[in-house]
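Coordinates from input14.txt are shown below (compact mmCIF, C-alpha atoms).
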# COMPACT_ATOMS: atom_id res chain seq x y z
CA MET H 1 0.00 0.00 0.00
CA GLU H 2 2.76 2.43 0.88
CA ASP H 3 4.49 1.84 -2.49
CA LYS H 4 1.39 3.02 -4.32
CA ALA H 5 0.93 5.82 -1.82
CA GLU H 6 4.44 7.04 -2.45
CA LYS H 7 3.51 7.45 -6.11
CA GLY H 8 0.84 9.90 -5.06
CA ASN H 9 -2.52 8.35 -5.82
CA LYS H 10 -3.98 8.28 -2.32
CA VAL H 11 -5.69 10.67 0.04
CA LEU H 12 -3.74 10.86 3.28
CA VAL H 13 -6.03 11.86 6.15
CA LEU H 14 -4.36 13.14 9.29
CA PRO H 15 -6.46 13.85 12.38
CA CYS H 16 -5.02 15.80 15.30
CA SER H 17 -6.03 13.11 17.84
CA GLY H 18 -6.14 15.72 20.60
CA ILE H 19 -6.33 14.20 24.07
CA GLY H 20 -7.84 16.99 26.15
CA LYS H 21 -11.36 17.18 24.72
CA ALA H 22 -13.71 15.03 22.65
CA TYR H 23 -12.93 17.04 19.49
CA GLY H 24 -9.65 15.17 18.99
CA GLU H 25 -11.32 11.76 19.28
CA MET H 26 -14.00 12.86 16.83
CA ALA H 27 -11.31 13.86 14.35
CA ARG H 28 -9.65 10.49 14.80
CA GLN H 29 -12.90 8.52 14.41
CA ALA H 30 -13.85 10.50 11.29
CA ALA H 31 -10.49 9.50 9.78
CA TYR H 32 -11.11 5.82 10.56
CA THR H 33 -14.62 6.08 9.07
CA LEU H 34 -13.16 7.36 5.80
CA ILE H 35 -10.40 4.75 5.77
CA GLU H 36 -12.33 1.66 6.83
CA ASP H 37 -15.94 2.34 5.80
CA PHE H 38 -15.98 4.77 2.89
CA TYR H 39 -12.73 4.49 0.90
CA PRO H 40 -10.68 1.46 2.01
CA ASP H 41 -8.62 1.49 -1.20
CA GLN H 42 -8.18 5.21 -1.54
CA VAL H 43 -7.74 6.80 1.88
CA ILE H 44 -4.84 6.11 4.23
CA THR H 45 -3.35 7.60 7.38
CA THR H 46 -0.07 7.66 9.22
CA CYS H 47 0.85 8.77 12.72
CA LEU H 48 0.91 12.55 12.94
CA ALA H 49 3.64 12.29 15.57
CA LYS H 50 5.95 10.65 13.01
CA LEU H 51 6.09 14.00 11.22
CA MET H 52 7.39 15.56 14.42
CA ILE H 53 10.47 13.34 14.35
CA GLY H 54 10.92 13.70 10.59
CA ASP H 55 10.24 10.01 9.92
CA PRO H 56 11.19 9.64 6.23
CA ASP H 57 8.31 7.29 5.31
CA ALA H 58 5.72 9.57 6.88
CA VAL H 59 7.24 12.68 5.29
CA ASN H 60 7.21 10.98 1.86
CA LEU H 61 3.56 10.04 2.29
CA VAL H 62 2.74 13.66 3.04
CA LYS H 63 4.77 15.04 0.16
CA ASN H 64 3.52 12.59 -2.47
CA ASN H 65 -0.20 12.39 -1.75
CA THR H 66 -3.27 14.55 -1.40
CA VAL H 67 -3.42 15.57 2.27
CA PHE H 68 -6.54 16.24 4.31
CA THR H 69 -6.22 17.36 7.92
CA ILE H 70 -8.91 17.14 10.59
CA ASP H 71 -8.27 19.39 13.56
CA GLY H 72 -10.23 19.36 16.77
CA CYS H 73 -9.73 22.98 17.68
CA ALA H 74 -8.38 26.28 16.46
CA SER H 75 -4.80 25.32 17.34
CA ASP H 76 -4.78 23.46 14.00
CA CYS H 77 -2.10 21.02 15.15
CA ALA H 78 -2.55 18.57 12.28
CA ARG H 79 -2.42 21.25 9.60
CA LYS H 80 0.56 23.03 11.14
CA ASN H 81 2.50 19.81 11.60
CA VAL H 82 1.97 18.94 7.93
CA GLU H 83 3.02 22.44 6.92
CA SER H 84 6.17 22.09 9.02
CA THR H 85 7.32 19.55 6.40
CA GLY H 86 6.97 22.18 3.67
CA LYS H 87 3.75 20.71 2.25
CA LYS H 88 0.56 22.78 1.92
CA VAL H 89 -2.51 20.77 2.91
CA ASP H 90 -5.08 20.20 0.19
CA HIS H 91 -8.09 20.41 2.50
CA SER H 92 -8.42 21.13 6.21
CA VAL H 93 -11.40 21.12 8.55
CA ARG H 94 -12.03 21.86 12.21
CA VAL H 95 -14.28 19.58 14.23
CA ILE H 96 -15.61 22.49 16.27
CA ASN H 97 -17.34 23.82 13.16
CA ILE H 98 -19.56 20.73 12.88
CA PHE H 99 -21.08 21.58 16.26
CA LYS H 100 -22.45 24.83 14.87
CA HIS H 101 -24.78 22.90 12.59
CA HIS H 102 -25.78 20.26 15.15
CA LYS H 103 -26.17 22.09 18.44
CA ASP H 104 -28.38 19.33 19.87
CA LEU H 105 -25.60 16.74 19.72
CA ARG H 106 -22.91 16.49 22.40
CA PRO H 107 -20.35 13.65 22.87
CA THR H 108 -20.68 11.87 26.20
CA GLY H 109 -16.97 11.78 27.04
CA VAL H 110 -13.47 12.58 25.79
CA LEU H 111 -12.87 9.09 24.34
CA ASP H 112 -16.29 7.55 24.83
CA LEU H 113 -18.20 9.65 22.33
CA GLY H 114 -21.54 7.90 22.77
CA GLU H 115 -24.29 7.88 20.17
CA PRO H 116 -24.50 11.68 19.78
CA GLY H 117 -20.73 11.89 19.33
CA PHE H 118 -20.70 9.18 16.68
CA LYS H 119 -23.53 10.90 14.83
CA LEU H 120 -21.34 13.99 14.65
CA VAL H 121 -18.42 11.82 13.46
CA GLN H 122 -20.63 10.45 10.69
CA PHE H 123 -21.64 13.98 9.58
CA LEU H 124 -18.01 15.04 9.59
CA ALA H 125 -16.90 12.00 7.58
CA GLU H 126 -19.69 12.57 5.06
CA ASP H 127 -18.61 16.18 4.57
CA LEU H 128 -15.06 15.04 3.97
CA ALA H 129 -16.24 12.31 1.61
CA LYS H 130 -17.85 14.98 -0.57
CA GLU H 131 -14.47 16.71 -0.84
CA ILE H 132 -12.79 13.41 -1.76
CA ASP H 133 -15.44 12.78 -4.41
CA CYS H 134 -14.77 16.24 -5.83
CA LEU H 135 -11.10 15.34 -6.19
CA GLY H 136 -12.07 12.28 -8.21
CA LYS H 137 -14.27 14.37 -10.51
CA LYS H 138 -11.48 16.90 -11.07
CA GLU H 139 -9.13 14.09 -12.07
CA ASP H 140 -11.72 12.73 -14.55
CA MET L 141 25.67 34.45 60.12
CA GLU L 142 22.21 33.10 59.52
CA LEU L 143 22.08 29.65 57.97
CA LEU L 144 19.49 29.07 55.32
CA GLU L 145 17.74 25.76 55.31
CA LEU L 146 17.60 24.08 51.91
CA VAL L 147 14.13 22.80 51.23
CA GLU L 148 13.55 20.13 48.64
CA ILE L 149 10.89 21.20 46.16
CA LYS L 150 8.66 18.37 45.13
CA PRO L 151 6.48 18.67 42.04
CA LYS L 152 2.74 18.68 42.62
CA LYS L 153 1.79 17.61 39.13
CA VAL L 154 3.30 15.36 36.49
CA GLY L 155 2.83 15.88 32.74
CA ILE L 156 1.75 12.84 30.76
CA ILE L 157 2.38 12.92 27.01
CA PRO L 158 1.00 10.07 24.90
CA CYS L 159 2.00 9.70 21.25
CA ASN L 160 -1.65 9.08 20.21
CA GLY L 161 -0.36 7.25 17.12
CA GLU L 162 -3.18 6.81 14.61
CA GLU L 163 -1.68 3.99 12.61
CA LEU L 164 -1.27 1.39 15.33
CA PRO L 165 -3.54 -0.11 18.01
CA GLU L 166 -0.78 0.65 20.51
CA GLY L 167 -1.24 4.35 19.71
CA THR L 168 -4.90 4.07 20.69
CA LEU L 169 -3.80 2.27 23.83
CA THR L 170 -1.65 5.28 24.83
CA ARG L 171 -4.79 7.42 24.71
CA PHE L 172 -6.99 5.13 26.77
CA ALA L 173 -4.33 4.45 29.40
CA CYS L 174 -3.50 8.14 29.77
CA ARG L 175 -7.15 9.19 30.02
CA LYS L 176 -7.71 6.54 32.68
CA LEU L 177 -4.86 8.08 34.62
CA LEU L 178 -6.04 11.65 34.14
CA ASP L 179 -9.70 10.94 34.92
CA LYS L 180 -9.65 8.13 37.47
CA LEU L 181 -6.28 7.07 38.88
CA LYS L 182 -4.37 10.34 39.36
CA PRO L 183 -6.74 13.18 38.55
CA GLY L 184 -5.24 15.65 41.00
CA SER L 185 -1.60 15.04 40.22
CA THR L 186 -1.43 14.68 36.44
CA VAL L 187 -1.88 16.98 33.48
CA THR L 188 -1.50 16.41 29.76
CA ILE L 189 -0.79 18.27 26.56
CA CYS L 190 -1.50 17.37 22.94
CA LEU L 191 1.91 16.32 21.58
CA PRO L 192 1.61 18.15 18.21
CA LEU L 193 1.13 21.42 20.13
CA PHE L 194 4.89 21.48 20.60
CA ILE L 195 5.03 22.47 16.93
CA ALA L 196 1.64 24.13 16.49
CA GLY L 197 1.64 26.04 19.75
CA GLY L 198 3.76 28.84 21.13
CA LYS L 199 6.35 29.40 23.82
CA GLU L 200 3.92 28.54 26.59
CA GLU L 201 3.25 25.06 25.16
CA ARG L 202 6.94 24.41 24.61
CA GLU L 203 7.56 25.29 28.27
CA PHE L 204 5.46 22.29 29.32
CA ALA L 205 8.35 19.98 30.17
CA ASN L 206 10.04 22.77 32.09
CA LYS L 207 6.91 23.41 34.15
CA PHE L 208 6.20 19.76 34.86
CA PRO L 209 8.34 16.66 35.11
CA THR L 210 7.05 14.56 32.20
CA ILE L 211 6.37 10.94 31.36
CA THR L 212 6.11 10.10 27.67
CA VAL L 213 4.03 7.15 26.53
CA ASP L 214 4.86 5.79 23.09
CA GLY L 215 3.02 3.11 21.17
CA CYS L 216 6.08 1.80 19.34
CA ASP L 217 9.85 1.94 19.35
CA LYS L 218 9.96 4.97 17.07
CA ARG L 219 9.43 6.86 20.35
CA CYS L 220 7.86 9.89 18.66
CA SER L 221 6.60 11.37 21.93
CA GLN L 222 9.88 10.90 23.77
CA ILE L 223 12.01 12.32 20.93
CA SER L 224 9.67 15.25 20.20
CA THR L 225 9.34 16.18 23.85
CA GLU L 226 13.09 16.05 24.27
CA ARG L 227 13.75 18.15 21.17
CA LEU L 228 10.99 20.70 21.53
CA SER L 229 10.23 21.02 25.25
CA GLY L 230 12.55 19.25 27.67
CA LYS L 231 13.92 15.87 28.66
CA PRO L 232 11.20 13.52 29.97
CA ARG L 233 11.67 12.06 33.45
CA TYR L 234 10.46 8.64 32.29
CA SER L 235 9.61 7.12 28.93
CA ILE L 236 7.33 4.13 28.40
CA VAL L 237 7.13 2.12 25.17
CA ILE L 238 3.96 0.06 24.99
CA THR L 239 5.21 -2.64 22.60
CA ASP L 240 8.04 -3.40 25.06
CA LEU L 241 5.71 -3.39 28.05
CA LEU L 242 3.15 -5.73 26.46
CA LYS L 243 5.91 -8.11 25.36
CA GLU L 244 7.42 -8.14 28.84
CA HIS L 245 4.05 -9.12 30.33
CA GLY L 246 2.96 -11.48 27.55
CA ILE L 247 -0.14 -9.46 26.72
CA ASN L 248 -1.44 -9.14 23.15
CA ALA L 249 -1.85 -5.74 21.56
CA PRO L 250 -5.42 -4.71 20.67
CA GLY L 251 -6.59 -5.89 17.25
CA SER L 252 -7.74 -2.51 15.99
CA ALA L 253 -6.61 1.09 16.22
CA ARG L 254 -10.17 2.28 15.72
CA THR L 255 -11.94 0.61 18.62
CA LEU L 256 -10.71 -1.13 21.74
CA MET L 257 -12.72 -4.13 22.93
CA ASP L 258 -13.48 -5.41 26.44
CA ALA L 259 -10.61 -7.87 26.07
CA ASP L 260 -8.21 -4.95 25.70
CA GLN L 261 -8.98 -3.72 29.21
CA THR L 262 -6.09 -5.83 30.58
CA ALA L 263 -3.67 -3.98 28.32
CA ILE L 264 -5.13 -0.58 29.29
CA ASP L 265 -4.86 -1.46 32.99
CA LEU L 266 -1.28 -2.66 32.58
CA VAL L 267 -0.14 0.53 30.83
CA ALA L 268 -2.09 2.80 33.19
CA GLY L 269 -0.61 0.93 36.17
CA GLU L 270 2.90 1.37 34.81
CA ILE L 271 2.35 5.10 34.39
CA VAL L 272 0.99 5.33 37.96
CA LYS L 273 4.26 3.79 39.24
CA LYS L 274 6.27 6.38 37.31
CA VAL L 275 4.04 9.22 38.54
CA ASP L 276 4.49 8.11 42.15
CA SER L 277 8.26 7.85 41.69
CA THR L 278 8.39 11.28 40.10
CA LEU L 279 6.38 12.88 42.89
CA ALA L 280 8.56 11.19 45.51
CA GLU L 281 11.86 12.05 43.82
CA GLY L 282 11.22 15.78 43.61
CA GLN L 283 12.47 18.21 40.98
As a first step, turn the structure in this file into structure tokens.
Amino acid sequence: MEDKAEKGNKVLVLPCSGIGKAYGEMARQAAYTLIEDFYPDQVITTCLAKLMIGDPDAVNLVKNNTVFTIDGCASDCARKNVESTGKKVDHSVRVINIFKHHKDLRPTGVLDLGEPGFKLVQFLAEDLAKEIDCLGKKED
Amino acid sequence: MELLELVEIKPKKVGIIPCNGEELPEGTLTRFACRKLLDKLKPGSTVTICLPLFIAGGKEEREFANKFPTITVDGCDKRCSQISTERLSGKPRYSIVITDLLKEHGINAPGSARTLMDADQTAIDLVAGEIVKKVDSTLAEGQ
């Protein structure tokens, strides 16, 4: 998989995986939804922290593929860590924005998102899927 | 001449920094073990920071390891949390690598990075327990 990814035909999704609030877990779960449920052959991830140590495989994945970042909050850790490699992200979102459209839904815990949290994750993943579909249409 | 008494300063809180690795189940394990510590086992004596804030944040975030003695928790032997903390904030007091710890205790890693199952509770408890030992040592040792 990584050989193909290094040639640049994948979408690399990097969530921030923040640990302080539920936003980071929602970002992480949205990434897994895209990878495992929606686009198992097209979307991949790597550990964001590998970019912090300049891991060559992770840096190559970032440089050679379309990169989406999902950040929990306005600190934009995922986006800024990608940009620290010299790569501009192709699409970035903040989890906090999804709350604005679904004010009735609140995750039940930081890691245990509960049903409302997973509904938000699904909405977030669907929004990102639309962007991925747009990429496909542009390539056609 | 008045003699000044030297008083040992002991830290009140310890900083816990998991790698949160997305690619491996052990990365997910770092999250669950650390949250267990922060929420249930040592809520009054531990704090955390999102690791990527060392790059995305400012001076205040990078001061974290100077403010608190830190324990890094890494999912694998790449030791991203340990190396990043050392380079960008300060040398950790202790570093834990989950793959080593699980191997030492003969416990299997979780099967999925996405979701941990009931069977993975043993691994969470083991890692959380190991961090508790390091927190207690850190608090006892002082600055």
- Task: Counting all atoms listed in the file, find the residues whose atoms lie at most 8 Å from (14.5, 23.4, 26.1) (file coordinates) and write them out as a list in words.
- Result: Arg202, Glu203, Asn206, Glu226, Arg227, Leu228, Ser229, Gly230 and Lys231 of chain L
- Task: Quick one: everything within 9 Å of Phe204 of chain L, counting all atoms listed in the file, minus sequence neighbours fewer than 5 positions away in the same chain. Send it as number ranges by chain.
- Result: L: 155, 189, 194, 209-210, 229-230
- Query: Smallest atom-to-atom distance to chain L: which of H:Ile132, H:Val89, H:Ile35, H:Ala125, using all atoms listed in the file?
  - Reply: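 Going through H:Ile132, H:Val89, H:Ile35, H:Ala125 one by one, the smallest distance to chain L is for H:Ile35.
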- Expected answer as a PyMOL selection string: chain H residues within 12 Å of chain L, only C-alpha atoms: chain H and resi 12-37+44-56+58+71-85+109-113
- Task: Would you kindly return, as a ChimeraX atom specification, each protein, DNA or RNA residue with an atom no farther than 7 Å from any atom of segment 263-278 of chain L, considering only C-alpha atoms and excluding same-chain residues fewer than 4 positions away?
- Result: /L:154,169,172-174,176-177,234,247,282
- Message: From the options H:Val121, H:Cys134, H:Ala129, H:Val11, which residue's atoms come nearest to Pro107 of chain H, counting all atoms listed in the file?
- Response: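 Between H:Val121, H:Cys134, H:Ala129, H:Val11, the residue approaching Pro107 of chain H most closely is H:Val121.
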- Query: Looking at L:Thr212, L:Glu166, L:Ser185, L:Lys199, which one is nearest to Leu242 of chain L, with distances taken over all atoms listed in the file?
  - Reply: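 Of all the options, L:Glu166 lies closest to Leu242 of chain L.
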- Item | Interatomic distance, atom CA of Pro165 of chain L to atom CA of Pro250 of chain L (Å, one decimal) | 5.6 Å
- Of the residues L:Gln261, L:Ile156, L:Ser252, L:Asp217, which is the one nearest to Asp240 of chain L, using all atoms listed in the file? L:Asp217
- Which residue of H:Lys119, H:Asp57, H:Gly86, H:Leu135 approaches Lys10 of chain H most closely, using only C-alpha atoms: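 Using only C-alpha atoms, Lys10 of chain H sits closest to H:Leu135.
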- Query: What separation in Å, quoted to one decimal, exists between atom CA of Thr170 of chain L and atom CA of Asn64 of chain H?
  - Reply: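 Between atom CA of Thr170 of chain L and atom CA of Asn64 of chain H the gap is 28.7 Å.
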- Query: Just how far from atom CA of Gly215 of chain L is atom CA of Ala259 of chain L, in Å to one decimal?
  - Reply: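 Atom CA of Gly215 of chain L lies 18.2 Å from atom CA of Ala259 of chain L.
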Segment 255-272 of chain L: axis-aligned bounding box, 6 Å on each side, centre and edge lengths in Å, one decimal, as AutoDock Vina command-line options:
--center_x -5.3 --center_y -1.3 --center_z 28.3 --size_x 28.4 --size_y 25.2 --size_z 31.3
- Task: Tell me which of H:His102, H:Asn97, H:His91, H:Asp133 sits closest to Leu120 of chain H, counting all atoms listed in the file.
- Result: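 Ranked by minimum distance to Leu120 of chain H, first place goes to H:His102.
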